[in-house]
>>> print(open('upload-v9.txt').read())   # compact mmCIF, C-alpha atoms
# COMPACT_ATOMS: atom_id res chain seq x y z
CA MET A 1 0.00 0.00 0.00
CA ASP A 2 1.46 3.35 -1.03
CA ARG A 3 0.46 5.12 2.18
CA ASP A 4 2.59 2.67 4.17
CA LEU A 5 5.51 3.24 1.78
CA LEU A 6 5.23 7.02 2.03
CA GLU A 7 5.09 6.93 5.82
CA ARG A 8 8.20 4.73 5.85
CA LEU A 9 10.02 7.23 3.63
CA PHE A 10 9.02 10.09 5.92
CA HIS A 11 10.39 8.28 8.96
CA ARG A 12 13.61 7.53 7.08
CA ALA A 13 13.99 11.22 6.22
CA VAL A 14 13.43 12.17 9.85
CA ASP A 15 15.89 9.56 11.07
CA ALA A 16 18.57 10.96 8.75
CA ALA A 17 18.19 14.34 10.45
CA GLN A 18 18.45 13.12 14.03
CA PRO A 19 21.14 15.06 15.95
CA GLN A 20 22.70 11.98 17.54
CA HIS A 21 23.88 10.89 14.10
CA ALA A 22 25.64 14.18 13.36
CA ILE A 23 26.77 15.86 16.59
CA ALA A 24 29.62 13.45 17.35
CA ALA A 25 31.09 13.93 13.88
CA ASN A 26 31.11 17.72 14.21
CA LEU A 27 32.49 18.43 17.66
CA PRO A 28 34.58 21.61 17.95
CA THR A 29 38.10 21.60 19.32
CA PRO A 30 37.97 21.59 23.14
CA PRO A 31 39.09 24.87 24.74
CA ARG A 32 41.71 25.53 27.39
CA GLY A 33 39.04 27.31 29.40
CA ARG A 34 35.34 26.79 30.01
CA THR A 35 32.75 25.26 27.69
CA VAL A 36 29.30 26.88 27.77
CA VAL A 37 26.47 25.35 25.74
CA ILE A 38 23.53 27.43 24.55
CA GLY A 39 20.84 26.64 22.02
CA ALA A 40 17.36 27.24 20.70
CA GLY A 41 14.96 25.44 18.40
CA LYS A 42 12.69 22.46 18.04
CA ALA A 43 15.65 20.06 17.88
CA SER A 44 17.85 21.84 20.41
CA ALA A 45 17.12 19.57 23.39
CA GLN A 46 17.99 16.45 21.39
CA MET A 47 21.11 18.24 20.13
CA ALA A 48 22.05 19.06 23.72
CA ARG A 49 21.66 15.46 24.83
CA ALA A 50 23.75 14.22 21.91
CA PHE A 51 26.41 16.83 22.63
CA GLU A 52 26.79 16.03 26.33
CA LEU A 53 27.09 12.32 25.51
CA ALA A 54 29.84 12.98 22.96
CA TRP A 55 31.76 15.84 24.61
CA PRO A 56 35.01 14.66 26.27
CA GLY A 57 35.39 17.52 28.75
CA ALA A 58 33.49 19.48 31.35
CA ILE A 59 30.41 21.55 30.52
CA ASP A 60 29.84 24.75 32.48
CA SER A 61 26.63 26.64 33.17
CA SER A 62 24.58 25.94 30.04
CA LEU A 63 21.05 26.59 28.80
CA VAL A 64 18.98 25.43 25.82
CA VAL A 65 15.38 26.44 25.04
CA THR A 66 12.96 24.31 23.04
CA ARG A 67 9.25 24.18 22.27
CA TYR A 68 6.74 22.94 24.83
CA GLY A 69 6.58 19.15 24.63
CA TYR A 70 9.96 18.85 22.87
CA ALA A 71 12.28 18.56 25.89
CA THR A 72 14.48 15.57 26.57
CA ALA A 73 16.33 14.81 29.79
CA CYS A 74 19.90 16.11 30.00
CA GLU A 75 22.39 15.70 32.84
CA ARG A 76 24.67 18.72 32.40
CA ILE A 77 22.65 21.13 30.24
CA GLU A 78 19.53 22.88 31.50
CA ILE A 79 16.53 22.55 29.16
CA VAL A 80 13.78 25.18 29.22
CA GLU A 81 10.51 24.94 27.28
CA ALA A 82 8.77 27.95 25.76
CA SER A 83 6.06 28.83 23.25
CA HIS A 84 6.20 28.46 19.48
CA PRO A 85 5.26 29.98 17.03
CA VAL A 86 4.23 33.03 19.10
CA PRO A 87 6.73 33.84 21.88
CA ASP A 88 5.83 33.79 25.57
CA VAL A 89 7.38 35.03 28.82
CA ALA A 90 9.21 31.72 29.37
CA GLY A 91 11.14 32.26 26.15
CA TYR A 92 11.78 35.89 27.01
CA LEU A 93 13.25 34.99 30.40
CA ALA A 94 15.34 32.17 28.90
CA ALA A 95 16.78 34.56 26.31
CA ARG A 96 17.75 37.03 29.05
CA ARG A 97 19.49 34.28 31.01
CA MET A 98 21.27 33.05 27.89
CA MET A 99 22.64 36.52 27.20
CA GLU A 100 23.94 36.66 30.77
CA LYS A 101 25.61 33.23 30.50
CA VAL A 102 27.73 34.21 27.48
CA SER A 103 28.70 37.63 28.85
CA GLY A 104 32.06 38.02 30.55
CA LEU A 105 33.77 35.03 28.93
CA GLY A 106 37.46 35.07 28.00
CA HIS A 107 39.73 34.21 25.06
CA ASP A 108 40.25 30.65 26.33
CA ASP A 109 36.54 29.89 26.63
CA LEU A 110 34.23 28.17 24.13
CA VAL A 111 30.53 28.75 23.48
CA VAL A 112 28.79 25.89 21.65
CA ALA A 113 25.57 27.10 20.03
CA LEU A 114 23.06 24.37 19.14
CA ILE A 115 20.65 26.01 16.72
CA SER A 116 17.63 24.60 14.90
CA GLY A 117 14.43 25.80 13.29
CA GLY A 118 11.89 27.42 15.58
CA GLY A 119 14.53 29.32 17.52
CA SER A 120 13.28 32.71 16.32
CA ALA A 121 10.13 32.43 18.45
CA LEU A 122 11.89 30.64 21.30
CA LEU A 123 14.47 33.41 21.84
CA PRO A 124 12.36 36.57 22.01
CA GLN A 125 14.26 39.66 23.11
CA PRO A 126 12.89 42.93 21.76
CA ALA A 127 15.24 45.64 20.60
CA PRO A 128 15.51 48.80 22.72
CA GLY A 129 12.33 50.82 22.30
CA LEU A 130 10.12 47.76 21.70
CA SER A 131 8.06 45.96 24.31
CA PHE A 132 7.70 42.21 24.61
CA GLU A 133 4.09 42.64 23.49
CA ASP A 134 5.38 44.40 20.36
CA GLU A 135 7.57 41.40 19.56
CA GLN A 136 4.63 39.04 20.03
CA ALA A 137 2.53 41.20 17.70
CA VAL A 138 5.31 41.25 15.08
CA ASN A 139 5.37 37.43 15.10
CA GLU A 140 1.61 37.24 14.70
CA VAL A 141 1.69 39.62 11.73
CA LEU A 142 4.51 37.69 10.07
CA LEU A 143 2.84 34.31 10.58
CA ALA A 144 -0.40 35.51 9.00
CA SER A 145 1.28 37.30 6.09
CA GLY A 146 2.22 34.35 3.89
CA ALA A 147 5.78 35.71 3.64
CA PRO A 148 8.60 33.15 3.20
CA ILE A 149 10.54 32.21 6.32
CA SER A 150 13.63 33.97 4.98
CA VAL A 151 11.69 37.24 4.76
CA MET A 152 10.31 36.81 8.27
CA ASN A 153 13.77 36.25 9.73
CA VAL A 154 15.35 39.26 8.00
CA ILE A 155 12.69 41.47 9.60
CA ARG A 156 12.91 39.74 12.99
CA ASN A 157 16.67 40.33 12.98
CA GLU A 158 16.30 44.10 12.81
CA LEU A 159 13.79 44.19 15.68
CA SER A 160 15.75 42.00 18.10
CA ALA A 161 18.39 42.42 20.77
CA ILE A 162 19.65 38.83 20.43
CA LYS A 163 19.27 37.78 16.77
CA GLY A 164 21.48 38.57 13.76
CA GLY A 165 24.75 37.61 15.44
CA ARG A 166 24.15 39.77 18.51
CA LEU A 167 24.37 36.80 20.90
CA ALA A 168 27.77 35.81 19.47
CA ALA A 169 28.94 39.41 19.77
CA LEU A 170 28.07 39.32 23.49
CA ALA A 171 30.20 36.18 23.87
CA SER A 172 33.33 37.81 22.43
CA PRO A 173 36.24 37.30 22.97
CA ALA A 174 35.24 33.66 23.56
CA ARG A 175 35.22 31.38 20.51
CA VAL A 176 31.72 30.45 19.30
CA ALA A 177 31.11 27.13 17.50
CA THR A 178 27.64 26.96 15.98
CA LEU A 179 26.11 23.59 15.01
CA ILE A 180 22.92 23.88 12.96
CA VAL A 181 20.02 21.63 12.05
CA SER A 182 18.73 23.67 9.12
CA ASP A 183 15.07 24.28 8.33
CA ILE A 184 15.79 27.09 5.85
CA PRO A 185 15.44 26.52 2.08
CA GLY A 186 18.96 26.89 0.72
CA ASP A 187 20.52 26.36 4.18
CA ASP A 188 21.69 29.94 4.81
CA PRO A 189 23.00 29.58 8.39
CA SER A 190 22.29 33.22 9.21
CA LEU A 191 18.56 32.65 8.67
CA VAL A 192 18.11 29.54 10.82
CA ALA A 193 16.42 30.80 14.02
CA SER A 194 17.25 34.31 12.73
CA GLY A 195 20.94 33.63 13.34
CA PRO A 196 21.57 34.50 17.02
CA THR A 197 25.23 33.57 16.55
CA VAL A 198 25.58 34.16 12.79
CA PRO A 199 25.28 37.71 11.37
CA LEU A 200 23.01 38.33 8.40
CA SER A 201 24.41 39.69 5.15
CA SER A 202 21.31 41.85 4.62
CA GLY A 203 20.62 45.00 6.60
CA ARG A 204 18.06 47.54 7.67
CA ALA A 205 17.30 48.75 4.15
CA GLU A 206 16.46 45.19 3.04
CA ALA A 207 14.17 44.71 6.03
CA ARG A 208 12.35 47.95 5.22
CA HIS A 209 11.95 46.91 1.59
CA LEU A 210 10.58 43.47 2.50
CA ALA A 211 8.12 44.88 5.05
CA SER A 212 6.81 47.27 2.40
CA LEU A 213 6.75 44.62 -0.32
CA HIS A 214 4.63 42.28 1.79
CA ARG A 215 2.47 45.16 3.09
CA LEU A 216 3.09 44.24 6.69
CA LYS A 217 1.15 46.22 9.30
CA LEU A 218 3.66 46.11 12.12
CA PRO A 219 3.23 47.73 15.55
CA ALA A 220 4.04 51.44 15.60
CA ALA A 221 7.22 50.97 17.66
CA ALA A 222 8.49 48.36 15.18
CA GLU A 223 7.74 50.65 12.23
CA GLU A 224 9.65 53.46 13.94
CA LEU A 225 12.67 51.26 14.62
CA LEU A 226 12.78 50.00 11.01
CA ALA A 227 12.69 53.61 9.82
CA SER A 228 15.66 54.53 12.04
CA ASP A 229 19.30 53.47 12.27
CA LEU A 230 19.06 52.39 15.90
CA ASN A 231 19.93 48.85 17.08
CA PRO A 232 22.38 48.12 14.23
CA ALA A 233 23.28 44.46 13.75
CA PRO A 234 26.95 43.42 13.65
CA SER A 235 28.31 42.85 10.16
CA ALA A 236 29.61 39.55 8.83
CA GLY A 237 33.10 41.07 8.72
CA ASP A 238 33.09 42.07 12.38
CA ALA A 239 36.41 41.12 13.98
CA ARG A 240 34.57 39.52 16.91
CA PHE A 241 33.48 36.68 14.61
CA HIS A 242 36.80 35.89 12.90
CA HIS A 243 37.64 32.86 15.05
CA ASN A 244 34.09 31.48 15.16
CA THR A 245 32.92 28.41 13.22
CA VAL A 246 29.57 27.45 11.72
CA ARG A 247 28.54 23.98 10.54
CA ILE A 248 25.25 22.68 9.18
CA ILE A 249 24.99 19.12 10.49
CA ALA A 250 21.53 18.17 9.19
CA SER A 251 19.37 19.54 6.37
CA ALA A 252 16.48 18.82 4.05
CA ALA A 253 18.91 17.87 1.29
CA LEU A 254 20.42 15.04 3.33
CA SER A 255 17.00 13.81 4.44
CA LEU A 256 15.62 13.73 0.89
CA GLU A 257 18.65 11.76 -0.28
CA ALA A 258 18.05 9.22 2.50
CA ALA A 259 14.39 8.86 1.51
CA ALA A 260 15.34 8.47 -2.15
CA ALA A 261 17.78 5.68 -1.31
CA GLU A 262 15.08 3.92 0.72
CA ALA A 263 12.63 4.18 -2.18
CA ARG A 264 15.12 2.75 -4.64
CA GLN A 265 15.65 -0.24 -2.38
CA ALA A 266 11.88 -0.75 -2.63
CA GLY A 267 12.16 -0.71 -6.43
CA LEU A 268 10.77 2.78 -6.99
CA GLU A 269 12.71 5.40 -8.94
CA ALA A 270 12.96 8.61 -6.91
CA ARG A 271 13.27 12.12 -8.32
CA ILE A 272 14.37 14.88 -5.93
CA LEU A 273 12.80 18.01 -7.39
CA SER A 274 14.25 20.49 -4.89
CA ASP A 275 15.05 20.82 -1.20
CA ALA A 276 14.25 24.54 -1.23
CA ILE A 277 10.70 25.01 -2.55
CA GLU A 278 8.93 28.09 -1.21
CA GLY A 279 5.66 29.78 -2.02
CA GLU A 280 1.98 29.66 -1.13
CA ALA A 281 1.12 26.08 -0.19
CA ARG A 282 -1.89 25.82 -2.51
CA ASP A 283 0.12 27.26 -5.43
CA VAL A 284 2.94 24.76 -4.94
CA ALA A 285 0.28 22.04 -4.82
CA GLY A 286 -1.07 23.17 -8.18
CA VAL A 287 2.35 22.84 -9.82
CA LEU A 288 3.14 19.41 -8.32
CA ALA A 289 -0.36 18.16 -9.13
CA ALA A 290 0.09 19.16 -12.77
CA LEU A 291 3.42 17.33 -12.90
CA SER A 292 1.87 14.25 -11.29
CA ARG A 293 -1.03 14.24 -13.76
CA GLU A 294 1.41 14.55 -16.67
CA ILE A 295 3.29 11.48 -15.48
CA ARG A 296 0.06 9.58 -14.83
CA THR A 297 -1.63 10.33 -18.15
CA ARG A 298 1.29 10.85 -20.57
CA ASN A 299 4.20 9.04 -18.91
CA ARG A 300 6.35 12.19 -19.07
CA PRO A 301 8.60 13.91 -18.07
CA PHE A 302 9.29 10.83 -15.91
CA THR A 303 8.10 7.32 -16.62
CA ARG A 304 5.75 5.45 -14.31
CA PRO A 305 6.12 4.42 -11.58
CA SER A 306 7.85 7.48 -10.15
CA LEU A 307 8.37 9.04 -6.76
CA LEU A 308 8.59 12.84 -6.57
CA LEU A 309 10.40 14.18 -3.50
CA SER A 310 10.71 17.79 -2.39
CA GLY A 311 11.47 19.90 0.65
CA GLY A 312 11.64 23.53 1.68
CA GLU A 313 8.99 25.57 3.42
CA THR A 314 5.71 26.68 1.91
CA THR A 315 3.58 29.39 3.47
CA VAL A 316 -0.11 30.00 4.08
CA THR A 317 -1.83 33.35 3.85
CA ILE A 318 -4.55 33.07 6.47
CA ARG A 319 -7.94 33.91 5.01
CA GLY A 320 -10.30 31.87 7.20
CA ASP A 321 -10.65 30.68 10.77
CA GLY A 322 -10.17 26.95 10.25
CA ARG A 323 -7.48 24.66 11.59
CA GLY A 324 -4.46 23.37 9.72
CA GLY A 325 -0.80 23.85 8.84
CA ARG A 326 0.99 24.45 5.58
CA ASN A 327 1.50 20.75 4.80
CA SER A 328 -2.13 19.76 5.29
CA GLU A 329 -3.20 22.82 3.28
CA PHE A 330 -0.81 21.79 0.49
CA LEU A 331 -2.35 18.32 0.47
CA LEU A 332 -5.93 19.55 0.48
CA ALA A 333 -5.20 21.69 -2.58
CA LEU A 334 -3.43 18.72 -4.19
CA ALA A 335 -6.38 16.41 -3.42
CA LEU A 336 -8.68 18.80 -5.27
CA ALA A 337 -6.29 19.02 -8.22
CA ILE A 338 -6.11 15.20 -8.63
CA ASP A 339 -9.76 14.59 -7.72
CA GLY A 340 -10.96 11.36 -9.37
CA ILE A 341 -7.54 10.36 -10.78
CA ASP A 342 -6.32 6.93 -9.71
CA GLY A 343 -2.66 6.02 -9.26
CA ILE A 344 -1.47 9.13 -7.38
CA THR A 345 -0.80 9.09 -3.62
CA ALA A 346 0.90 11.90 -1.71
CA LEU A 347 2.24 12.67 1.76
CA ALA A 348 3.28 16.05 3.12
CA ALA A 349 4.50 16.58 6.67
CA ASP A 350 6.71 18.75 8.81
CA THR A 351 9.80 16.84 9.91
CA ASP A 352 9.47 18.21 13.45
CA GLY A 353 6.23 16.24 13.83
CA ILE A 354 3.90 19.23 14.16
CA ASP A 355 2.23 20.90 11.17
CA GLY A 356 1.55 24.45 12.27
CA ALA A 357 -0.12 24.47 15.68
CA GLY A 358 -1.96 21.14 15.36
CA ASP A 359 -1.15 17.72 16.80
CA ASN A 360 -0.40 16.18 13.39
CA ALA A 361 2.80 16.15 11.35
CA GLY A 362 0.82 16.41 8.11
CA ALA A 363 -1.50 14.20 6.11
CA VAL A 364 -1.82 11.71 3.24
CA CYS A 365 -4.11 11.97 0.21
CA ASP A 366 -4.91 10.30 -3.12
CA GLY A 367 -7.26 10.83 -6.04
CA GLN A 368 -10.25 9.69 -3.99
CA SER A 369 -9.64 11.86 -0.91
CA ALA A 370 -11.79 14.79 -2.04
CA GLY A 371 -14.64 12.40 -2.83
CA ARG A 372 -14.35 10.78 0.60
CA MET A 373 -14.52 14.22 2.21
CA ARG A 374 -17.71 15.02 0.34
CA ALA A 375 -19.15 11.66 1.42
CA ALA A 376 -18.30 12.60 5.02
CA GLY A 377 -20.26 15.83 4.68
CA ILE A 378 -17.31 18.17 4.08
CA ASP A 379 -16.94 20.42 1.04
CA PRO A 380 -13.17 20.30 0.38
CA ARG A 381 -13.20 23.57 -1.57
CA ARG A 382 -14.95 25.36 1.27
CA ALA A 383 -12.49 23.81 3.72
CA LEU A 384 -9.55 25.08 1.66
CA ALA A 385 -11.03 28.57 1.47
CA ASN A 386 -11.39 28.52 5.26
CA ASN A 387 -7.86 27.15 5.90
CA ASP A 388 -9.51 24.11 7.51
CA ALA A 389 -7.46 21.25 6.08
CA TYR A 390 -6.99 19.60 9.48
CA ASN A 391 -10.69 18.88 9.96
CA ALA A 392 -11.11 17.83 6.32
CA PHE A 393 -8.42 15.17 6.64
CA ARG A 394 -9.47 14.13 10.13
CA ALA A 395 -12.91 13.27 8.74
CA ILE A 396 -11.37 10.69 6.37
CA ASN A 397 -8.60 9.38 8.66
CA GLY A 398 -6.02 11.12 6.48
CA LEU A 399 -3.95 12.82 9.19
CA LEU A 400 -0.37 11.72 9.87
CA VAL A 401 0.28 11.87 13.62
CA THR A 402 3.80 11.17 14.87
CA GLY A 403 4.36 13.44 17.85
CA PRO A 404 7.53 15.55 18.18
CA THR A 405 10.38 13.91 16.28
CA GLY A 406 13.39 15.56 17.91
CA THR A 407 14.58 17.26 14.74
CA ASN A 408 13.45 19.86 12.22
CA VAL A 409 14.57 20.13 8.58
CA ASN A 410 11.25 21.54 7.45
CA ASP A 411 8.72 20.17 4.97
CA PHE A 412 8.86 16.69 3.47
CA ARG A 413 6.69 15.99 0.42
CA ALA A 414 6.47 12.70 -1.44
CA ILE A 415 4.17 11.79 -4.34
CA VAL A 416 3.93 8.29 -5.84
CA VAL A 417 2.60 8.06 -9.40
CA ARG A 418 1.71 4.57 -10.62
>>> encode(input="upload-v9.txt", output="structure tokens")
Amino acid sequence: MDRDLLERLFHRAVDAAQPQHAIAANLPTPPRGRTVVIGAGKASAQMARAFELAWPGAIDSSLVVTRYGYATACERIEIVEASHPVPDVAGYLAARRMMEKVSGLGHDDLVVALISGGGSALLPQPAPGLSFEDEQAVNEVLLASGAPISVMNVIRNELSAIKGGRLAALASPARVATLIVSDIPGDDPSLVASGPTVPLSSGRAEARHLASLHRLKLPAAAEELLASDLNPAPSAGDARFHHNTVRIIASAALSLEAAAAEARQAGLEARILSDAIEGEARDVAGVLAALSREIRTRNRPFTRPSLLLSGGETTVTIRGDGRGGRNSEFLLALALAIDGIDGITALAADTDGIDGAGDNAGAVCDGQSAGRMRAAGIDPRRALANNDAYNAFRAINGLLVTGPTGTNVNDFRAIVVR
């Protein structure tokens, strides 16, 4: 059954991105002084546990913040849980403590930064002149805008006291070694979690341009800060960063390659379309549905049977008041586009195990899914218009529920065409 195959491929992709497989191979050189571990993101607790198991020396006062429900027990690193995707006071207080922990270190000390997707919301620290409530409001505006994650993080950087390399600047003159589980299409390390230890190459002018381009209605204090030159971020050429290191230890590209290898062992030719697809979820669904139909009906551009794999991060412009994340919305649009066509089965899920704010990783659909929804009393087109993909798939037992996976390399999409 193709659903079973697709779920197996998803779990293989997730397994390839687990921190315990990558941390030990990317340990920094131990320092003569202290080692302080910090981190933020949906995979940061698992990264912390893997690090303390592999690290040969002592670990000093350390702190990592992850999403509620994502913690794992550590012996030498404190794990704090906070809210995602909208920040809360727990994240704010953890960010303050983290800034204090890296301040006052010396040349012989080492800061190990364990960074993964989701860290932007988990390390809230408003720039001078902004309140914590302003930062929460900025996140809500960005999440509802449909803007790509890269755009969101450029803007967040300019409105923060900790992002855009500012945390690493506080740690100077200590050496900072950043290990990253990337959820950013293209794997730009400065954009993962808005780069608390990696400065962005873009600046204030780019943030202003993007806010205008996406017609963002930000809080007044945020608008004023963007219009000013206050709170400048350190540049990539800042001397404080010259002895720092940055390594991406897990990414969508590696996970897709692992899934492709698994599929080939099952006798199915896999095509990796891209690990960096962005755009409105329903628009991306339209393109991949058209490609799937072309293979199904004309046996081109790939011959049947084929597996289409892709990653990246789509977005959803919120128009309704329904429930669902970007992966389930992608699949609902795809289900409508392949309605009545046999031989096509698709899975889309977030590799962190949570699609948006729901309890599901994503969903699975085929050419009969839309019909089953109608039989269950749900109009799939109305559900899509209302951003209510979760309830549409729940009605037909189409949700994929895994729980938190311990990693995060963003979206995983797989389509089988027979």
>>> atom_distance(input="upload-v9.txt", atom1="CA of Tyr92 (chain A)", atom2="CA of Val65 (chain A)")
10.3 Å
>>> atom_distance(input="upload-v9.txt", atom1="CA of Val181 (chain A)", atom2="CA of Ala17 (chain A)")
7.7 Å
>>> atom_distance(input="upload-v9.txt", atom1="CA of Arg175 (chain A)", atom2="CA of Ile155 (chain A)")
27.0 Å
>>> residues_around(input="upload-v9.txt", residues="Gly406 (chain A)", least_positions_apart="2", cutoff="12 Å", atoms="only C-alpha atoms", output="ChimeraX atom specification")
/A:11,14-20,41-50,66-67,69-72,116-117,181,350-354,402-404,408-409
>>> residues_around(input="upload-v9.txt", residues="Gly164 (chain A)", least_positions_apart="6", cutoff="6 Å", atoms="only C-alpha atoms", output="list in words")
Asn157, Gly195, Pro196, Pro199 and Leu200 of chain A
>>> closest_atom_pairs(input="upload-v9.txt", of="region 97-133 of chain A", to="region 227-230 of chain A", cutoff="10 Å", atoms="only C-alpha atoms", output="CSV")
residue,atom,partner,partner_atom,distance
A:Ala127,CA,A:Leu230,CA,9.1
A:Pro128,CA,A:Leu230,CA,8.5
A:Gly129,CA,A:Leu230,CA,9.4
